[in-house]
Amino acid sequence: MAELHDLPRPEGSHRNRKRLGRGPGSGTGKTSGRGQKGAGARTGTTRKRGFEGGQMPLQRRIPKRGFTNIHRIEYQLVNVGALERVEGNEVNAETLRDHGLVRSTRKPVKLLGEGEIDRAVNVTVDRISESARSKIEAAGGSVTLIGSAAE
């Protein structure tokens, strides 16, 4: 039976180390593969990320575009079909969190119309799509909006 220390090592798994600065015959003598002078030849220094040798770097050649809207509201999205997993007929941020459909009760919840629902549920959310509202009301449920959408 073969034992661990008898197994041959896979081809190419062990490469000899590169011996630097050991004369012209080695191929890596004198400058040890670092070229001539400059930052790359010195010890302890590195050129900053994106440096292209003095050429205008890519991140400065590309034009700036767009902006970040500081008033953006990030909704937690839940589809109507996922409400089948919620027991009871009251659905709000707390029950959605308890059933693992949203992560937090602090961020607003938006209900979308993907999937089907066949029982009446009373939904209390921050936003709702038209298709989701029609599916819930067709099943005999009701929708209550809270937050800024309620006004």
# chains A, B, ... in the order shown; residues from 1 in each chain; ligands from 1
>>> closest_atom_pairs(of="region 21-82 of chain A", to="region 112-136 of chain A", cutoff="9 Å", atoms="only C-alpha atoms", output="tab-separated table")
residue	atom	partner	partner_atom	distance
A:Tyr75	CA	A:Arg127	CA	8.6
A:Leu77	CA	A:Leu112	CA	6.9
A:Val78	CA	A:Leu112	CA	6.0
A:Asn79	CA	A:Leu112	CA	4.6
A:Val80	CA	A:Gly113	CA	5.3
A:Gly81	CA	A:Gly115	CA	4.0
A:Ala82	CA	A:Gly115	CA	7.5
>>> residues_around(residues="Lys107 (chain A)", least_positions_apart="4", cutoff="10 Å", atoms="only C-alpha atoms", output="CSV table (one decimal) with N, CA and C atoms, in the first residue's frame")
chain,number,residue,atom,x,y,z
A,73,ILE,N,-33.0,56.9,-1.7
A,73,ILE,CA,-33.6,56.0,-0.7
A,73,ILE,C,-33.5,54.6,-1.2
A,74,GLU,N,-32.8,53.7,-0.4
A,74,GLU,CA,-32.6,52.3,-0.9
A,74,GLU,C,-33.6,51.4,-0.2
A,75,TYR,N,-34.5,50.9,-1.1
A,75,TYR,CA,-35.6,50.0,-0.6
A,75,TYR,C,-35.2,48.6,-0.5
A,76,GLN,N,-35.7,47.9,0.4
A,76,GLN,CA,-35.6,46.4,0.5
A,76,GLN,C,-36.8,45.8,-0.3
A,93,ALA,N,-43.0,45.1,8.1
A,93,ALA,CA,-41.5,45.0,8.2
A,93,ALA,C,-41.1,44.0,9.2
A,102,VAL,N,-36.6,40.2,4.7
A,102,VAL,CA,-35.8,41.5,4.7
A,102,VAL,C,-34.8,41.4,5.8
A,103,ARG,N,-33.7,42.1,5.7
A,103,ARG,CA,-32.7,42.1,6.8
A,103,ARG,C,-33.0,43.0,7.9
A,126,ASP,N,-43.8,50.5,2.9
A,126,ASP,CA,-43.5,51.9,2.5
A,126,ASP,C,-43.9,52.3,1.1
>>> atom_distance(atom1="CA of Glu84 (chain A)", atom2="CA of His99 (chain A)")
10.6 Å
>>> select_by_dssp(residues="chain A", states="alpha helix (DSSP H)", output="VMD selection string")
chain A and resid 58 to 61 93 to 98 130 to 138
>>> select_by_dssp(residues="chain A", states="strand (DSSP E)", output="number ranges by chain")
A: 76-79, 90-91, 109-112, 122-125, 127-128, 142-145
>>> write_last_selection(atoms="N, CA and C atoms", output="mmCIF file, in the first residue's frame")
data_model
loop_
_atom_site.group_PDB
_atom_site.id
_atom_site.type_symbol
_atom_site.label_atom_id
_atom_site.label_comp_id
_atom_site.auth_asym_id
_atom_site.auth_seq_id
_atom_site.Cartn_x
_atom_site.Cartn_y
_atom_site.Cartn_z
ATOM 1 N N GLN A 76 -35.749 47.860 0.442
ATOM 2 C CA GLN A 76 -35.608 46.408 0.487
ATOM 3 C C GLN A 76 -36.760 45.849 -0.341
ATOM 4 N N LEU A 77 -36.439 45.054 -1.349
ATOM 5 C CA LEU A 77 -37.446 44.591 -2.297
ATOM 6 C C LEU A 77 -37.971 43.219 -1.900
ATOM 7 N N VAL A 78 -39.288 43.072 -1.919
ATOM 8 C CA VAL A 78 -39.943 41.794 -1.628
ATOM 9 C C VAL A 78 -41.003 41.584 -2.696
ATOM 10 N N ASN A 79 -41.070 40.379 -3.257
ATOM 11 C CA ASN A 79 -42.078 40.066 -4.265
ATOM 12 C C ASN A 79 -43.325 39.471 -3.618
ATOM 13 N N GLU A 90 -51.326 39.297 8.620
ATOM 14 C CA GLU A 90 -50.732 40.623 8.776
ATOM 15 C C GLU A 90 -49.293 40.585 8.267
ATOM 16 N N VAL A 91 -48.971 41.472 7.322
ATOM 17 C CA VAL A 91 -47.618 41.529 6.763
ATOM 18 C C VAL A 91 -47.089 42.944 6.942
ATOM 19 N N VAL A 109 -39.413 49.239 2.959
ATOM 20 C CA VAL A 109 -39.723 48.026 2.198
ATOM 21 C C VAL A 109 -40.598 48.398 1.011
ATOM 22 N N LYS A 110 -40.270 47.845 -0.167
ATOM 23 C CA LYS A 110 -41.112 48.012 -1.349
ATOM 24 C C LYS A 110 -41.570 46.641 -1.805
ATOM 25 N N LEU A 111 -42.870 46.516 -2.045
ATOM 26 C CA LEU A 111 -43.464 45.251 -2.476
ATOM 27 C C LEU A 111 -43.633 45.276 -3.986
ATOM 28 N N LEU A 112 -43.092 44.260 -4.673
ATOM 29 C CA LEU A 112 -43.163 44.156 -6.132
ATOM 30 C C LEU A 112 -44.090 43.019 -6.529
ATOM 31 N N ASN A 122 -53.224 41.491 4.845
ATOM 32 C CA ASN A 122 -53.216 42.934 5.084
ATOM 33 C C ASN A 122 -51.766 43.389 5.124
ATOM 34 N N VAL A 123 -51.363 44.142 4.111
ATOM 35 C CA VAL A 123 -49.963 44.511 3.930
ATOM 36 C C VAL A 123 -49.749 45.958 4.361
ATOM 37 N N THR A 124 -48.696 46.179 5.166
ATOM 38 C CA THR A 124 -48.291 47.527 5.564
ATOM 39 C C THR A 124 -46.833 47.708 5.152
ATOM 40 N N VAL A 125 -46.606 48.501 4.089
ATOM 41 C CA VAL A 125 -45.254 48.708 3.557
ATOM 42 C C VAL A 125 -45.060 50.185 3.223
ATOM 43 N N ARG A 127 -43.667 51.313 0.153
ATOM 44 C CA ARG A 127 -44.015 51.517 -1.256
ATOM 45 C C ARG A 127 -44.561 50.208 -1.803
ATOM 46 N N ILE A 128 -45.324 50.315 -2.902
ATOM 47 C CA ILE A 128 -45.862 49.118 -3.542
ATOM 48 C C ILE A 128 -46.054 49.406 -5.020
ATOM 49 N N SER A 142 -55.709 43.838 1.740
ATOM 50 C CA SER A 142 -55.693 45.298 1.746
ATOM 51 C C SER A 142 -54.256 45.788 1.838
ATOM 52 N N VAL A 143 -54.040 47.043 1.405
ATOM 53 C CA VAL A 143 -52.709 47.640 1.391
ATOM 54 C C VAL A 143 -52.747 48.940 2.177
ATOM 55 N N THR A 144 -51.795 49.103 3.107
ATOM 56 C CA THR A 144 -51.639 50.350 3.853
ATOM 57 C C THR A 144 -50.221 50.848 3.636
ATOM 58 N N LEU A 145 -50.087 52.106 3.206
ATOM 59 C CA LEU A 145 -48.767 52.691 2.995
ATOM 60 C C LEU A 145 -48.373 53.499 4.220
#
>>> atom_distance(atom1="CA of Ser32 (chain A)", atom2="CA of Arg47 (chain A)")
18.5 Å
>>> residues_around(residues="region 48-63 of chain A", least_positions_apart="4", cutoff="12 Å", atoms="only C-alpha atoms", output="list in words")
Gly38, Ala39 and Gly40 of chain A
>>> write_last_selection(atoms="C-alpha atoms", output="CSV table (one decimal), in the first residue's frame")
chain,number,residue,atom,x,y,z
A,38,GLY,CA,15.0,54.2,-11.0
A,39,ALA,CA,12.3,53.5,-8.4
A,40,GLY,CA,12.0,49.9,-9.4
>>> closest_residue(among="A:Thr45, A:Glu87, A:Leu20, A:Pro8", to="Gly33 (chain A)", atoms="only C-alpha atoms")
A:Leu20
>>> atom_distance(atom1="CA of Leu96 (chain A)", atom2="CA of Ala138 (chain A)")
21.3 Å
